[in-house]
Every structure is written in C-alpha cells, then in structure tokens.
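Below: structure37.csv (CSV, C-alpha atoms and all ligand atoms)
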```csv
chain,number,residue,atom,x,y,z
A,1,ILE,CA,88.8,107.7,68.4
A,2,ARG,CA,90.7,105.5,66.0
A,3,ILE,CA,91.8,103.3,68.8
A,4,GLU,CA,88.2,103.1,70.0
A,5,GLN,CA,86.9,102.1,66.6
A,6,ALA,CA,89.7,99.5,66.3
A,7,LEU,CA,88.9,98.2,69.8
A,8,ARG,CA,85.3,97.5,68.9
A,9,LYS,CA,86.3,95.5,65.8
A,10,SER,CA,89.2,93.7,67.4
A,11,LEU,CA,87.2,91.5,69.7
A,12,ASP,CA,85.6,89.8,66.8
A,13,LYS,CA,88.9,89.6,65.0
A,14,GLN,CA,90.7,87.8,67.8
A,15,GLU,CA,93.5,90.3,68.2
A,16,PHE,CA,93.4,89.9,71.9
A,17,PHE,CA,95.3,87.2,73.8
A,18,MET,CA,96.4,86.5,77.4
A,19,VAL,CA,99.9,86.2,78.7
A,20,TYR,CA,100.9,84.8,82.1
A,21,GLN,CA,103.7,85.9,84.4
A,22,PRO,CA,104.9,83.4,87.0
A,23,GLN,CA,104.8,84.2,90.7
A,24,LEU,CA,107.3,82.6,93.1
A,25,ASP,CA,107.3,81.9,96.8
A,26,ALA,CA,110.3,82.6,99.1
A,27,ASN,CA,111.8,79.1,98.2
A,28,GLY,CA,111.8,80.1,94.5
A,29,CYS,CA,108.9,77.7,93.7
A,30,ILE,CA,106.3,78.9,91.2
A,31,TYR,CA,102.9,78.9,92.9
A,32,GLY,CA,100.9,81.0,90.6
A,33,VAL,CA,100.7,83.3,87.5
A,34,GLU,CA,99.3,86.7,86.9
A,35,ALA,CA,97.1,86.9,83.8
A,36,LEU,CA,97.7,90.0,81.6
A,37,VAL,CA,95.8,90.9,78.5
A,38,ARG,CA,97.6,91.9,75.2
A,39,TRP,CA,96.3,93.5,72.1
A,40,GLU,CA,98.1,93.0,68.9
A,41,HIS,CA,96.7,95.4,66.2
A,42,PRO,CA,97.8,94.8,62.6
A,43,GLU,CA,98.6,98.5,62.2
A,44,PHE,CA,99.2,99.9,65.7
A,45,GLY,CA,101.2,96.9,66.8
A,46,LEU,CA,101.2,95.8,70.4
A,47,VAL,CA,99.1,98.3,72.4
A,48,SER,CA,99.6,98.5,76.2
A,49,PRO,CA,96.6,97.5,78.4
A,50,ALA,CA,97.4,100.6,80.4
A,51,GLU,CA,96.3,102.5,77.3
A,52,PHE,CA,93.4,100.5,75.9
A,53,ILE,CA,91.7,99.4,79.1
A,54,PRO,CA,90.6,102.9,80.1
A,55,ILE,CA,89.4,103.5,76.5
A,56,ALA,CA,87.5,100.2,76.5
A,57,GLU,CA,85.9,101.3,79.7
A,58,MET,CA,84.8,104.7,78.4
A,59,ALA,CA,83.6,103.1,75.2
A,60,GLY,CA,81.5,100.5,77.1
A,61,ILE,CA,83.4,97.6,75.6
A,62,MET,CA,84.8,96.4,79.0
A,63,PRO,CA,82.0,94.0,79.8
A,64,ARG,CA,82.8,92.1,76.6
A,65,LEU,CA,86.6,92.4,76.9
A,66,GLY,CA,86.4,91.5,80.6
A,67,HIS,CA,84.4,88.4,79.6
A,68,PHE,CA,87.1,87.5,77.0
A,69,ILE,CA,89.8,87.9,79.7
A,70,LEU,CA,88.1,85.7,82.2
A,71,ALA,CA,86.9,83.1,79.8
A,72,THR,CA,90.3,82.8,78.1
A,73,THR,CA,92.2,82.6,81.3
A,74,LEU,CA,90.0,79.9,82.8
A,75,ARG,CA,90.0,77.9,79.6
A,76,GLU,CA,93.8,78.1,79.3
A,77,MET,CA,94.3,77.3,83.0
A,78,LYS,CA,92.1,74.2,82.6
A,79,GLN,CA,94.1,73.2,79.6
A,80,LEU,CA,97.3,73.7,81.6
A,81,GLN,CA,96.0,71.5,84.4
A,82,GLN,CA,95.1,68.8,81.9
A,83,GLU,CA,98.4,69.0,80.0
A,84,LEU,CA,100.8,69.3,82.8
A,85,GLY,CA,98.8,67.9,85.8
A,86,VAL,CA,99.6,71.0,87.9
A,87,CYS,CA,97.3,73.5,89.5
A,88,PHE,CA,98.6,77.0,89.9
A,89,GLN,CA,96.8,80.0,91.3
A,90,VAL,CA,95.9,82.5,88.7
A,91,SER,CA,95.5,86.2,89.4
A,92,VAL,CA,93.3,88.2,87.2
A,93,ASN,CA,93.2,92.1,87.2
A,94,ILE,CA,89.8,93.5,87.8
A,95,SER,CA,89.2,97.2,87.0
A,96,VAL,CA,87.0,99.3,89.2
A,97,ARG,CA,84.3,99.4,86.5
A,98,GLN,CA,84.4,95.7,86.1
A,99,PHE,CA,84.1,95.1,89.8
A,100,MET,CA,81.2,97.5,90.0
A,101,GLU,CA,79.2,95.9,87.1
A,102,LYS,CA,75.9,94.9,88.7
A,103,ASP,CA,76.2,91.2,87.9
A,104,PHE,CA,79.9,90.8,88.1
A,105,LEU,CA,80.0,88.0,90.7
A,106,GLU,CA,77.1,86.1,89.1
A,107,LYS,CA,78.8,86.1,85.7
A,108,LEU,CA,82.1,85.1,87.3
A,109,THR,CA,80.5,82.2,89.1
A,110,ARG,CA,78.8,81.0,86.0
A,111,GLU,CA,82.0,81.2,84.1
A,112,ILE,CA,83.9,79.2,86.7
A,113,GLU,CA,81.2,76.5,86.7
A,114,LEU,CA,81.3,76.3,83.0
A,115,TYR,CA,84.8,74.8,83.0
A,116,ARG,CA,84.0,72.2,85.6
A,117,PHE,CA,87.3,72.5,87.5
A,118,ASN,CA,88.0,69.9,90.1
A,119,LYS,CA,90.2,72.5,91.7
A,120,ILE,CA,90.7,76.2,90.8
A,121,ALA,CA,92.7,78.7,92.7
A,122,LEU,CA,91.5,82.1,91.4
A,123,CYS,CA,92.7,85.4,92.8
A,124,LEU,CA,91.2,88.8,91.9
A,125,GLU,CA,93.6,91.7,91.8
A,126,ILE,CA,91.8,94.9,92.8
A,127,THR,CA,93.2,98.4,93.4
A,128,GLU,CA,92.9,100.8,96.2
A,129,SER,CA,90.8,103.1,94.0
A,130,LEU,CA,88.0,100.6,94.3
A,131,PHE,CA,87.4,101.9,97.8
A,132,ILE,CA,86.4,105.3,96.6
A,133,GLU,CA,83.2,103.6,95.5
A,134,ASP,CA,80.4,102.6,97.8
A,135,ILE,CA,82.0,100.6,100.6
A,136,ASP,CA,78.7,99.2,101.8
A,137,TYR,CA,78.3,97.6,98.4
A,138,ILE,CA,81.9,96.5,98.0
A,139,LEU,CA,82.6,94.9,101.4
A,140,PRO,CA,79.8,92.3,101.4
A,141,LEU,CA,80.7,91.4,97.8
A,142,LEU,CA,84.3,90.8,98.8
A,143,TYR,CA,83.2,88.6,101.7
A,144,LYS,CA,81.0,86.6,99.3
A,145,MET,CA,83.9,86.2,96.9
A,146,ARG,CA,86.0,84.9,99.8
A,147,GLU,CA,83.3,82.5,100.8
A,148,ILE,CA,83.2,80.9,97.4
A,149,GLY,CA,87.0,80.3,97.5
A,150,LEU,CA,88.4,83.3,95.6
A,151,SER,CA,91.5,85.1,96.9
A,152,ILE,CA,91.8,88.9,96.8
A,153,SER,CA,95.0,90.8,96.2
A,154,MET,CA,95.5,94.5,96.6
A,155,ASP,CA,97.4,95.6,93.5
A,156,ASP,CA,99.7,98.6,93.1
A,157,PHE,CA,99.6,98.9,96.9
A,158,GLY,CA,101.2,102.1,98.3
A,159,THR,CA,100.3,104.3,95.4
A,160,GLY,CA,96.7,105.1,96.3
A,161,TYR,CA,94.8,106.2,99.3
A,162,SER,CA,94.1,103.4,101.8
A,163,SER,CA,93.5,104.0,105.4
A,164,LEU,CA,95.1,101.4,107.7
A,165,ASN,CA,91.8,101.2,109.6
A,166,MET,CA,90.0,100.3,106.4
A,167,LEU,CA,92.6,97.8,105.4
A,168,ARG,CA,92.1,96.0,108.7
A,169,THR,CA,88.5,95.4,107.9
A,170,LEU,CA,89.0,94.1,104.3
A,171,PRO,CA,88.9,90.4,103.5
A,172,ILE,CA,92.0,90.3,101.5
A,173,ASP,CA,94.9,87.8,101.2
A,174,GLU,CA,97.8,89.7,99.6
A,175,LEU,CA,99.4,93.1,99.2
A,176,LYS,CA,101.2,93.7,96.0
A,177,ILE,CA,103.9,96.3,96.4
A,178,ASP,CA,103.8,98.6,93.4
A,179,LYS,CA,106.6,98.2,90.9
A,180,SER,CA,107.6,101.9,91.3
A,181,PHE,CA,108.9,101.2,94.8
A,182,VAL,CA,110.8,98.1,93.7
A,183,ASP,CA,112.3,100.1,90.8
A,184,THR,CA,114.0,102.5,93.1
A,185,LEU,CA,114.6,100.1,95.9
A,186,LEU,CA,118.4,99.9,95.7
A,187,ASP,CA,119.2,103.6,95.7
A,188,ASP,CA,116.4,105.2,97.4
A,189,THR,CA,116.0,104.9,101.2
A,190,ALA,CA,112.5,106.4,101.0
A,191,ALA,CA,111.4,103.5,98.8
A,192,GLN,CA,113.1,101.1,101.2
A,193,LYS,CA,111.2,102.5,104.2
A,194,MET,CA,108.0,102.4,102.2
A,195,ILE,CA,108.5,98.7,101.3
A,196,GLN,CA,109.4,97.9,104.9
A,197,ASN,CA,106.3,99.6,106.1
A,198,ILE,CA,104.1,97.7,103.7
A,199,ILE,CA,105.7,94.4,104.7
A,200,THR,CA,105.1,95.2,108.4
A,201,ILE,CA,101.5,96.1,107.7
A,202,GLY,CA,101.1,92.9,105.7
A,203,LYS,CA,102.6,90.8,108.5
A,204,ASN,CA,100.4,92.3,111.2
A,205,LEU,CA,97.3,91.6,109.1
A,206,GLU,CA,98.6,88.1,108.2
A,207,LEU,CA,98.7,88.8,104.5
A,208,HIS,CA,101.1,87.7,101.9
A,209,VAL,CA,103.2,90.5,100.5
A,210,LEU,CA,104.3,90.2,96.9
A,211,ALA,CA,106.9,92.4,95.2
A,212,GLU,CA,106.4,92.9,91.5
A,213,GLY,CA,108.8,94.2,88.9
A,214,VAL,CA,111.8,92.4,90.5
A,215,GLU,CA,114.6,92.5,87.9
A,216,THR,CA,117.8,91.8,89.8
A,217,ASN,CA,119.2,89.4,92.4
A,218,ALA,CA,120.2,92.4,94.6
A,219,GLN,CA,116.5,93.6,94.7
A,220,GLU,CA,115.4,90.1,95.6
A,221,LYS,CA,118.0,89.7,98.3
A,222,LEU,CA,117.0,93.0,99.9
A,223,LEU,CA,113.3,92.3,99.6
A,224,LYS,CA,113.8,88.9,101.3
A,225,SER,CA,115.8,90.4,104.1
A,226,PHE,CA,112.7,92.7,104.7
A,227,GLY,CA,110.5,89.7,104.9
A,228,CYS,CA,108.8,89.8,101.5
A,229,ASP,CA,107.3,86.3,100.8
A,230,ARG,CA,106.2,86.4,97.1
A,231,PHE,CA,108.0,87.6,94.0
A,232,GLN,CA,107.2,88.4,90.4
A,233,GLY,CA,109.3,90.1,87.7
A,234,TYR,CA,111.6,89.8,84.7
A,235,LEU,CA,114.3,88.2,87.0
A,236,TYR,CA,112.2,85.0,86.9
A,237,ALA,CA,110.1,85.3,83.8
A,238,LYS,CA,108.4,87.8,81.6
A,239,PRO,CA,104.7,87.5,80.9
A,240,LEU,CA,104.5,84.4,78.6
A,241,ALA,CA,101.9,83.4,76.0
A,242,TYR,CA,100.3,80.0,76.7
A,243,GLU,CA,102.7,77.7,74.7
A,244,THR,CA,105.8,79.5,76.0
A,245,LEU,CA,104.5,79.3,79.6
A,246,LYS,CA,104.0,75.6,79.2
A,247,ASP,CA,107.5,75.1,77.9
A,248,PHE,CA,108.8,77.3,80.7
A,249,LEU,CA,107.0,75.3,83.4
A,250,LYS,CA,108.2,72.0,81.9
A,251,SER,CA,111.8,73.2,82.1
A,252,GLN,CA,111.4,74.0,85.8
A,253,PRO,CA,113.0,71.5,88.3
B,301,LIG,O1,100.9,93.9,81.4
B,301,LIG,P1,101.3,95.4,81.6
B,301,LIG,O2,102.3,95.6,82.6
B,301,LIG,O3,101.6,96.1,80.3
B,301,LIG,O4,100.0,96.1,82.2
B,301,LIG,C1,99.8,97.4,82.2
B,301,LIG,C2,98.6,97.8,83.1
B,301,LIG,O5,97.4,97.2,82.5
B,301,LIG,C3,98.7,97.3,84.5
B,301,LIG,O6,98.2,98.3,85.4
B,301,LIG,C4,97.8,96.1,84.6
B,301,LIG,O7,97.2,95.9,85.8
B,301,LIG,C5,96.7,96.4,83.5
B,301,LIG,N1,96.2,95.2,83.0
B,301,LIG,C6,96.9,94.2,82.3
B,301,LIG,N2,96.1,93.2,82.0
B,301,LIG,C7,94.9,93.5,82.5
B,301,LIG,C8,93.6,92.8,82.5
B,301,LIG,O8,93.4,91.7,82.0
B,301,LIG,N3,92.5,93.5,83.0
B,301,LIG,C9,92.7,94.7,83.6
B,301,LIG,N4,91.6,95.2,84.1
B,301,LIG,N5,93.8,95.4,83.6
B,301,LIG,C10,94.9,94.8,83.1
B,302,LIG,O1,99.5,97.0,87.5
B,302,LIG,P1,99.9,95.6,87.4
B,302,LIG,O2,100.7,95.1,88.5
B,302,LIG,O3,98.8,94.6,87.1
B,302,LIG,O4,100.9,95.5,86.1
B,302,LIG,C1,101.9,94.6,86.0
B,302,LIG,C2,102.8,95.1,84.8
B,302,LIG,O5,104.2,95.1,85.2
B,302,LIG,C3,102.6,94.3,83.6
B,302,LIG,O6,102.4,95.1,82.5
B,302,LIG,C4,103.9,93.5,83.4
B,302,LIG,O7,104.2,93.3,82.1
B,302,LIG,C5,104.9,94.5,84.1
B,302,LIG,N1,106.1,93.8,84.7
B,302,LIG,C6,106.1,92.7,85.4
B,302,LIG,N2,107.3,92.4,85.8
B,302,LIG,C7,108.1,93.4,85.3
B,302,LIG,C8,109.5,93.7,85.4
B,302,LIG,O8,110.3,93.0,86.1
B,302,LIG,N3,110.0,94.8,84.8
B,302,LIG,C9,109.1,95.6,84.1
B,302,LIG,N4,109.7,96.7,83.5
B,302,LIG,N5,107.8,95.4,84.0
B,302,LIG,C10,107.3,94.3,84.6
B,303,MN,MN,98.2,93.3,88.6
B,304,NA,NA,100.8,96.5,90.1
```
Take the structure in the file and write it out as structure tokens.
Ligand code: G
Ligand code: G
Ligand code: MN
Ligand code: NA
Amino acid sequence: IRIEQALRKSLDKQEFFMVYQPQLDANGCIYGVEALVRWEHPEFGLVSPAEFIPIAEMAGIMPRLGHFILATTLREMKQLQQELGVCFQVSVNISVRQFMEKDFLEKLTREIELYRFNKIALCLEITESLFIEDIDYILPLLYKMREIGLSISMDDFGTGYSSLNMLRTLPIDELKIDKSFVDTLLDDTAAQKMIQNIITIGKNLELHVLAEGVETNAQEKLLKSFGCDRFQGYLYAKPLAYETLKDFLKSQP
C-alpha cells in the first residue's frame, strides 16, 4: 500500500527514468538497445520494475507510466540520433495489460508521429503470457504493428506456454532466450538443450535469436557455437542512463 501511494505521487515528482542496455550482433556490433524503466524513490531507494510494474498495473497507474516510458524512450532516442548521428533499434517492454489497453496502438502511433523521426526502428517486447488473452484480438493487432514498421520480440522465451504451432502463425521477428537458461548454461546440459532447441525453432521460423544475461566470454562462445545471433548482458554493458549510454557509444570503435 505504501508503495502504491508512493507510485501515484512519483510520476509527478520525476522519480522515474529510463536506462538502455546495448544489444550486439554476432560481429560484436551494437545494433540496438533495450529500454528499461527505473524508479528511484527518496526513501525506498531503487525499486525493481519487477516489483513496481505489477503494482502499477493493479493500481491503474500503468497507462500513465506506460506513456512516460514510451515518450521518454522516443524523446531520448531522437536526441541520440541528433547528437551522435546514429540510428539504433530500441526495444521497449510492453506488459500484457498495456498491450490489451483498447487504444494502445493508436496512442503509440500518435506518440511516434509526435517526434517526427526520419527513421525509427522500434521493437516491442511482448511475453508468451499475452497469448492467454483473446488471440483473435491480438493477432490482427500484431500484424498491424508489423505493417507500420514495428518489430516484435518474444521476451523471456522458454519460460511460458507457447505452442510451436501458434508460434508459427505469429508475426514476430525475434526470440529472446530467458536469462535463467543463460545463467545455468555452462554447467547444466538441460539448459544447453533448451537453448539449442530454441535456436533451432528460431532458425526454422527465420527469426533472430537473442541471448540475454550474457556475463562471460565462455557463455558467449557456447551460444555462438549453437548459432545464437544476438547478445545482451553485463559482459558488454549494463543498462545505462542516457548520458552514460552516449559516452559508451562514443567510446566504441
Ligand atoms: O531492468 P530489470 O532487469 O530490473 O527488469 C526487471 C523486469 O521488469 C523485467 O521482467 C523487465 O522486462 C521488466 N521491465 C523493465 N522495464 C520495463 C518497462 O519499461 N516496461 C515493462 N512493462 N516492463 C519492464
Ligand atoms: O525480462 P527482461 O528481459 O525484460 O529483463 C531484463 C533484465 O535483465 C533487466 O532487469 C536487466 O537489468 C537484467 N540484465 C540484463 N543483463 C544482465 C546480466 O548480464 N546479468 C544480470 N544479472 N542481469 C541482467
Ligand atoms: Mn525485456
Ligand atoms: Na527477458
């Protein structure tokens, strides 16, 4: 309850900010970033989004917080384009509730138009739990998103229920291997098999496969040998606040 009250006030007090974690291709080049929200409360300190997003959703604050997340991300990506002359893909996490908001795509489209991008590569990260909802509503919406140039990534893949048959019909671009598999990759053959299976599925469906939570060279090496083509994790960079991200990108060859 205290968190909920604090959440309501914090949007006005600018306690939220975005951080961006670089994403690399198989050549080690940064092609994108994942946008992650942070909440720094004066008393509670840094609260994890894993904790406050579900509360924000229950409290009905998510439409406002979701708007903040999108608007801030788009504004900062526009600024990055102007300051560095580079255009990265940016992936934004979209919760089930957000996705299911009646006017989600209309609002998103309006928000994108507001910033007058010459070019914007925006990816929406959704989770398998979305498909418990009305598939007859979700599927056409995903196709519409694709039509207007958005990419779709399936986050936390492997942890939820997803039938292969359904996956085949989905207009998605990327599978994100859940961090829990990458964590145990080196000493758990079950995790290795799981990852190999996910990569095989991805290849067959012509999707990118991204491994998240990559922390060591040994993990990267094994993932590459399995055919994984995208990487994200502390090995390369932590999620970085805007100015730090800018410095990091400038220091890249
Ligand atoms: O950034 P971190 O690893 O602490 O994120 C923890 C969880 O919160 C992850 O499941 C992540 O997907 C989720 N999360 C982080 N940022 C956002 C966001 O901007 N929107 C939504 N819906 N979820 C987020
Ligand atoms: O569920 P989602 O994939 O959106 O969440 C990503 C989360 O994983 C973020 O909270 C991010 O901070 C965290 N993360 C990203 N890379 C690493 C890593 O290499 N190690 C650890 N421990 N966490 C990571
Ligand atoms: Mn994510
Ligand atoms: Na994930």
Taking all atoms listed in the file and a cut-off of 6 Å, can you tell me which residues surround ligand LIG 301 (chain B), written as a ChimeraX atom specification?
/A:36-37,48-50,69,93-95
So what do you get for atom CA of A:Ile132 versus atom CA of A:Leu167, distance-wise?
13.1 Å
Per-residue nearest contacts chain A to ligand MN 303 (chain B), cut-off 12 Å, using all atoms listed in the file, as CSV:
```
residue,atom,partner,partner_atom,distance
A:Tyr20,CA,B:MN303,MN,11.0
A:Gln21,CA,B:MN303,MN,10.1
A:Gln23,CA,B:MN303,MN,11.4
A:Val33,CA,B:MN303,MN,10.4
A:Glu34,CA,B:MN303,MN,6.9
A:Ala35,CA,B:MN303,MN,8.1
A:Leu36,CA,B:MN303,MN,7.8
A:Val37,CA,B:MN303,MN,10.7
A:Pro49,CA,B:MN303,MN,11.1
A:Ala50,CA,B:MN303,MN,11.0
A:Val90,CA,B:MN303,MN,11.0
A:Ser91,CA,B:MN303,MN,7.6
A:Val92,CA,B:MN303,MN,7.2
A:Asn93,CA,B:MN303,MN,5.3
A:Ile94,CA,B:MN303,MN,8.4
A:Ser95,CA,B:MN303,MN,9.9
A:Cys123,CA,B:MN303,MN,10.5
A:Leu124,CA,B:MN303,MN,9.0
A:Glu125,CA,B:MN303,MN,5.8
A:Ile126,CA,B:MN303,MN,7.8
A:Thr127,CA,B:MN303,MN,8.6
A:Glu128,CA,B:MN303,MN,11.9
A:Ile152,CA,B:MN303,MN,11.3
A:Ser153,CA,B:MN303,MN,8.6
A:Met154,CA,B:MN303,MN,8.5
A:Asp155,CA,B:MN303,MN,5.5
A:Asp156,CA,B:MN303,MN,7.1
A:Phe157,CA,B:MN303,MN,10.1
A:Glu174,CA,B:MN303,MN,11.6
A:Leu175,CA,B:MN303,MN,10.7
A:Lys176,CA,B:MN303,MN,8.0
A:Ile177,CA,B:MN303,MN,10.1
A:Asp178,CA,B:MN303,MN,9.1
A:Lys179,CA,B:MN303,MN,10.0
A:Leu210,CA,B:MN303,MN,10.8
A:Ala211,CA,B:MN303,MN,11.0
A:Glu212,CA,B:MN303,MN,8.7
A:Gly213,CA,B:MN303,MN,10.6
A:Gln232,CA,B:MN303,MN,10.4
A:Gly233,CA,B:MN303,MN,11.6
A:Pro239,CA,B:MN303,MN,11.6
```
For ligand NA 304 (chain B), which of A:Thr73, A:Phe88, A:Val182, A:Glu15 is the closest residue, counting all atoms listed in the file?
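Of all the options, A:Val182 lies closest to ligand NA 304 (chain B).
With all atoms listed in the file as the atoms that count, the residue of A:Leu235, A:Ile135, A:Ile120, A:Val86 with the shortest distance to ligand LIG 302 (chain B) is A:Leu235.
Computed from the coordinates, the atom CA of A:Gly227 to atom CA of A:Ala26 distance equals 9.2 Å.
Here atom CA of A:Thr72 and atom CA of A:Gly160 stand 29.5 Å from one another.
Candidate residues A:Ala59, A:Leu222, A:Ile199, A:Val214 were compared for distance to ligand NA 304 (chain B), and the nearest is A:Val214, using all atoms listed in the file.
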Can you pull out every residue within 9 Å of A:His41, counting only C-alpha atoms, but drop anything in the same chain fewer than 3 positions away, and send it as a VMD selection string?
chain A and resid 6 10 15 to 16 44 to 47
For A:Cys228, please output as a ChimeraX atom specification all residues within 10 Å (counting all atoms listed in the file; exclusion window: fewer than 3 positions along the same chain).
/A:25-26,177,195-196,198-200,202-203,208-211,220-225,231
Pick the closest to A:Val96 from A:Leu108, A:Arg75, A:Glu57, A:Phe68: which is it, counting all atoms listed in the file?
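Selected residue with least distance to A:Val96: A:Glu57.
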Can you pull out every residue within 10 Å of A:Gly60, counting only C-alpha atoms, but drop anything in the same chain fewer than 6 positions away, and send it as a VMD selection string?
chain A and resid 8 54 97
Of the candidates A:Arg38, A:Arg110, A:Lys102, A:Lys144, which shows the shortest atom-to-atom distance to ligand LIG 302 (chain B), using only C-alpha atoms and all ligand atoms?
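Of the candidates, the smallest distance to ligand LIG 302 (chain B) is held by A:Arg38.
Nearest to A:Gly32 of all the residues A:Cys87, A:Leu170, A:Met58, A:Ala241 is A:Cys87, counting all atoms listed in the file.
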Taking N, CA and C atoms as the atom set, what does stretch 26-55 of chain A look like once completed, written as a tab-separated table (two decimals), in the frame of the given file?
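Output (out-v9.tsv):
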```
chain	number	residue	atom	x	y	z
A	26	ALA	N	108.98	82.24	98.58
A	26	ALA	CA	110.30	82.60	99.10
A	26	ALA	C	111.33	81.45	98.83
A	27	ASN	N	110.85	80.23	98.51
A	27	ASN	CA	111.80	79.10	98.20
A	27	ASN	C	112.09	79.11	96.68
A	28	GLY	N	111.51	80.04	95.94
A	28	GLY	CA	111.80	80.10	94.50
A	28	GLY	C	110.86	79.14	93.71
A	29	CYS	N	109.83	78.60	94.37
A	29	CYS	CA	108.90	77.70	93.70
A	29	CYS	C	107.76	78.56	93.06
A	30	ILE	N	107.39	78.21	91.84
A	30	ILE	CA	106.30	78.90	91.20
A	30	ILE	C	104.97	78.38	91.82
A	31	TYR	N	104.17	79.29	92.35
A	31	TYR	CA	102.90	78.90	92.90
A	31	TYR	C	101.73	79.44	92.14
A	32	GLY	N	102.02	80.42	91.29
A	32	GLY	CA	100.90	81.00	90.60
A	32	GLY	C	101.38	81.85	89.38
A	33	VAL	N	100.42	82.41	88.66
A	33	VAL	CA	100.70	83.30	87.50
A	33	VAL	C	99.74	84.47	87.58
A	34	GLU	N	100.20	85.63	87.07
A	34	GLU	CA	99.30	86.70	86.90
A	34	GLU	C	98.89	86.76	85.40
A	35	ALA	N	97.59	86.81	85.13
A	35	ALA	CA	97.10	86.90	83.80
A	35	ALA	C	97.07	88.34	83.32
A	36	LEU	N	97.65	88.63	82.17
A	36	LEU	CA	97.70	90.00	81.60
A	36	LEU	C	97.22	89.97	80.19
A	37	VAL	N	96.36	90.91	79.84
A	37	VAL	CA	95.80	90.90	78.50
A	37	VAL	C	96.75	91.65	77.53
A	38	ARG	N	96.78	91.20	76.29
A	38	ARG	CA	97.60	91.90	75.20
A	38	ARG	C	96.70	92.10	74.02
A	39	TRP	N	96.97	93.21	73.35
A	39	TRP	CA	96.30	93.50	72.10
A	39	TRP	C	97.27	93.77	71.01
A	40	GLU	N	97.22	92.91	70.02
A	40	GLU	CA	98.10	93.00	68.90
A	40	GLU	C	97.30	93.51	67.68
A	41	HIS	N	97.46	94.81	67.36
A	41	HIS	CA	96.70	95.40	66.20
A	41	HIS	C	97.59	95.34	64.99
A	42	PRO	N	97.01	94.96	63.82
A	42	PRO	CA	97.80	94.80	62.60
A	42	PRO	C	98.56	96.13	62.25
A	43	GLU	N	97.97	97.28	62.58
A	43	GLU	CA	98.60	98.50	62.20
A	43	GLU	C	99.31	99.20	63.38
A	44	PHE	N	98.64	99.25	64.54
A	44	PHE	CA	99.20	99.90	65.70
A	44	PHE	C	100.28	99.06	66.41
A	45	GLY	N	100.30	97.77	66.10
A	45	GLY	CA	101.20	96.90	66.80
A	45	GLY	C	100.69	96.51	68.17
A	46	LEU	N	101.60	96.22	69.08
A	46	LEU	CA	101.20	95.80	70.40
A	46	LEU	C	100.82	97.09	71.22
A	47	VAL	N	99.57	97.18	71.64
A	47	VAL	CA	99.10	98.30	72.40
A	47	VAL	C	99.06	97.93	73.88
A	48	SER	N	99.52	98.80	74.75
A	48	SER	CA	99.60	98.50	76.20
A	48	SER	C	98.16	98.50	76.80
A	49	PRO	N	97.88	97.53	77.68
A	49	PRO	CA	96.60	97.50	78.40
A	49	PRO	C	96.39	98.81	79.21
A	50	ALA	N	97.51	99.40	79.65
A	50	ALA	CA	97.40	100.60	80.40
A	50	ALA	C	96.74	101.72	79.56
A	51	GLU	N	96.91	101.58	78.23
A	51	GLU	CA	96.30	102.50	77.30
A	51	GLU	C	94.93	102.15	76.88
A	52	PHE	N	94.73	100.86	76.51
A	52	PHE	CA	93.40	100.50	75.90
A	52	PHE	C	92.35	100.15	76.89
A	53	ILE	N	92.72	99.75	78.11
A	53	ILE	CA	91.70	99.40	79.10
A	53	ILE	C	90.81	100.61	79.45
A	54	PRO	N	91.44	101.75	79.77
A	54	PRO	CA	90.60	102.90	80.10
A	54	PRO	C	89.73	103.33	78.88
A	55	ILE	N	90.24	103.17	77.66
A	55	ILE	CA	89.40	103.50	76.50
A	55	ILE	C	88.27	102.51	76.34
```
